[in-house]
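Below you'll find the structure, written out as structure tokens, and then a few comments.
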Amino acid sequence: MTWNEQVEAEARQVKAALPGYLAVRQMAAAALTSAADDLGLELRERDRRDLAEAVVDAIHKAAELQGIKFACDVADMEVDANERFLLAPAREKAKTDRDTRAVLAHLEQHAEGAQKVRNELVERLARVGRQWLAEQPAAVGVRTEARAAA
């Protein structure tokens with residue numbers, strides 16, 4: 001197995017092991033149950049589940065946005081590296097080297113593909129972020145009402 005194949009296999013393993021949304025809710029419910037027991041609180045099962053769902057729901061979208069932001073940062077670095085280390089030297093060399101001129105179009109096409117991926121990630125970050133930001137005042141209001149009721 002080549003190094004790349006090994007890395008791909010490990011990445012597939014990690015992706016498969018990552019918990020889904022419902023599994024995260026179950027883990028939060030278990031953690032809250034344990035914490036409630038440690039504190040001597042007697043919460044009904046439904047209350048524990050509701051509390052776990054509220055916690056996971058509150059952080060889920062922000063965690064998703066952090067992942068998209070990270071992907072955007074990596075894409076930005078790739079676009080910058082393409083320009084600085086691939087295209088700029090190739091353009092300079094293409095002024096005097098016929099072979100480099102022939103390859104330059106392919107290098108630019110590669111860089112355009114990376115830029116397109118970056119733009120799609122930024123668009124997704126903006127779209128999902130817009131939705132998340134729109135929900136923030138409502139979430140704050142719900143938390144304030146819950147505190148006032150308690």
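Chain labels A, B, ... are given in the sequence in which chains occur in the structure tokens; within each chain residues are numbered consecutively from 1, and ligands are likewise numbered from 1 in the order shown.
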**For stretch 118-127 of chain A: contacts at 7 Å, only C-alpha atoms, fewer than 5 positions along chain excluded, given as a PyMOL selection string** = chain A and resi 65+68-69+72+75-76
Would you mind exporting all heavy atoms of the selected residues as a JSON list (two decimals), in the first residue's frame?
[["chain", "number", "residue", "atom", "x", "y", "z"],
["A", 65, "LEU", "N", -20.16, 25.71, 11.05],
["A", 65, "LEU", "CA", -19.56, 26.92, 10.48],
["A", 65, "LEU", "C", -18.06, 26.97, 10.72],
["A", 65, "LEU", "O", -17.30, 27.41, 9.85],
["A", 65, "LEU", "CB", -20.23, 28.17, 11.04],
["A", 65, "LEU", "CG", -21.62, 28.46, 10.48],
["A", 65, "LEU", "CD1", -22.34, 29.49, 11.34],
["A", 65, "LEU", "CD2", -21.52, 28.92, 9.05],
["A", 68, "ILE", "N", -16.52, 24.80, 8.08],
["A", 68, "ILE", "CA", -16.51, 25.46, 6.77],
["A", 68, "ILE", "C", -15.47, 26.56, 6.75],
["A", 68, "ILE", "O", -14.74, 26.73, 5.77],
["A", 68, "ILE", "CB", -17.92, 26.01, 6.43],
["A", 68, "ILE", "CG1", -18.94, 24.87, 6.33],
["A", 68, "ILE", "CG2", -17.88, 26.78, 5.10],
["A", 68, "ILE", "CD1", -20.39, 25.35, 6.25],
["A", 69, "LYS", "N", -15.37, 27.32, 7.85],
["A", 69, "LYS", "CA", -14.36, 28.39, 7.94],
["A", 69, "LYS", "C", -12.96, 27.81, 7.81],
["A", 69, "LYS", "O", -12.11, 28.36, 7.11],
["A", 69, "LYS", "CB", -14.50, 29.15, 9.26],
["A", 69, "LYS", "CG", -13.47, 30.25, 9.44],
["A", 69, "LYS", "CD", -13.47, 30.76, 10.87],
["A", 69, "LYS", "CE", -12.32, 31.68, 11.15],
["A", 69, "LYS", "NZ", -11.01, 31.04, 11.08],
["A", 72, "CYS", "N", -12.32, 27.04, 4.26],
["A", 72, "CYS", "CA", -12.07, 28.29, 3.55],
["A", 72, "CYS", "C", -10.64, 28.77, 3.78],
["A", 72, "CYS", "O", -9.97, 29.22, 2.84],
["A", 72, "CYS", "CB", -13.05, 29.38, 3.99],
["A", 72, "CYS", "SG", -14.72, 29.17, 3.41],
["A", 75, "ALA", "N", -8.37, 26.63, 1.75],
["A", 75, "ALA", "CA", -8.51, 26.98, 0.32],
["A", 75, "ALA", "C", -7.83, 28.31, 0.04],
["A", 75, "ALA", "O", -7.19, 28.47, -1.02],
["A", 75, "ALA", "CB", -9.99, 27.03, -0.06],
["A", 76, "ASP", "N", -7.93, 29.27, 0.93],
["A", 76, "ASP", "CA", -7.24, 30.56, 0.77],
["A", 76, "ASP", "C", -5.73, 30.35, 0.69],
["A", 76, "ASP", "O", -5.05, 30.96, -0.14],
["A", 76, "ASP", "CB", -7.57, 31.52, 1.92],
["A", 76, "ASP", "CG", -8.96, 32.12, 1.82],
["A", 76, "ASP", "OD1", -9.56, 32.09, 0.73],
["A", 76, "ASP", "OD2", -9.44, 32.61, 2.86]]
**Item:** Exercise: A:Ala28 partners within 8 Å, only C-alpha atoms, chain neighbours under 3 positions left out, as a ChimeraX atom specification
**Value:** /A:24-25,31-32,52-53,55-56
With C-alpha atoms retained, write the just-selected residues as a PDB file, in the first residue's frame.
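Here's the written file part-v4.pdb:
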ATOM      1  CA  VAL A  24     -23.883  13.602  19.455  1.00  0.00           C
ATOM      2  CA  ARG A  25     -27.291  14.221  21.042  1.00  0.00           C
ATOM      3  CA  ALA A  31     -23.040  13.407  29.834  1.00  0.00           C
ATOM      4  CA  LEU A  32     -25.897  15.479  31.247  1.00  0.00           C
ATOM      5  CA  ALA A  52     -29.262  17.497  25.702  1.00  0.00           C
ATOM      6  CA  GLU A  53     -31.091  18.438  22.505  1.00  0.00           C
ATOM      7  CA  VAL A  55     -27.300  21.999  24.153  1.00  0.00           C
ATOM      8  CA  VAL A  56     -26.460  20.181  20.917  1.00  0.00           C
TER       9      VAL A  56
END
**Request:** Grab the atom CA of A:Pro19 to atom CA of A:Lys61 distance for me, in Å with one decimal place.
**Result:**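 Atom CA of A:Lys61 lies 15.1 Å from atom CA of A:Pro19.
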**Request:** Name the residues in contact with A:Arg48 at a cut-off of 10 Å, using only C-alpha atoms, excluding same-chain residues fewer than 2 positions from it; report them as a list in words.
**Result:** Ala28, Ala29, Ala30, Ala31, Leu32, Thr33, Ala36, Glu42, Leu43, Arg44, Glu45, Arg46, Asp50, Leu51, Ala52, Glu53 and Ala54 of chain A
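Considering only C-alpha atoms, the residue among A:Ala16, A:Leu86, A:Val117, A:Glu112 positioned nearest to A:Thr100 is A:Leu86.
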**Prompt:** So how many Å separate atom CA of A:Glu135 and atom CA of A:Ala63, to one decimal?
**Reply:**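 Interatomic distance, atom CA of A:Glu135 to atom CA of A:Ala63: 14.8 Å.
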**Asked** Nearest to A:Val74 among A:Ile59, A:Leu87, A:Ala102, A:Ala114, with distances taken over only C-alpha atoms: which residue is it?
**Response**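 Closest candidate: A:Ala114.
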**Item:** Using only C-alpha atoms: which of A:Glu78, A:Asp97, A:Val103, A:Asp38 has the shortest distance to A:Lys116
**Value:**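 Among A:Glu78, A:Asp97, A:Val103, A:Asp38, it is A:Glu78 that comes nearest to A:Lys116.
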**Asked** Between A:Ala23, A:Ala62, A:Ala9, A:Leu107, which is the closest to A:Trp132 once you count only C-alpha atoms?
**Response** A:Ala62
**Request:** Return the single residue from A:Asp99, A:Glu64, A:Asp47, A:Glu5 that is closest to A:Gly20, with distances computed using only C-alpha atoms.
**Result:**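 Looking only at the distances to A:Gly20, the closest residue turns out to be A:Glu64.
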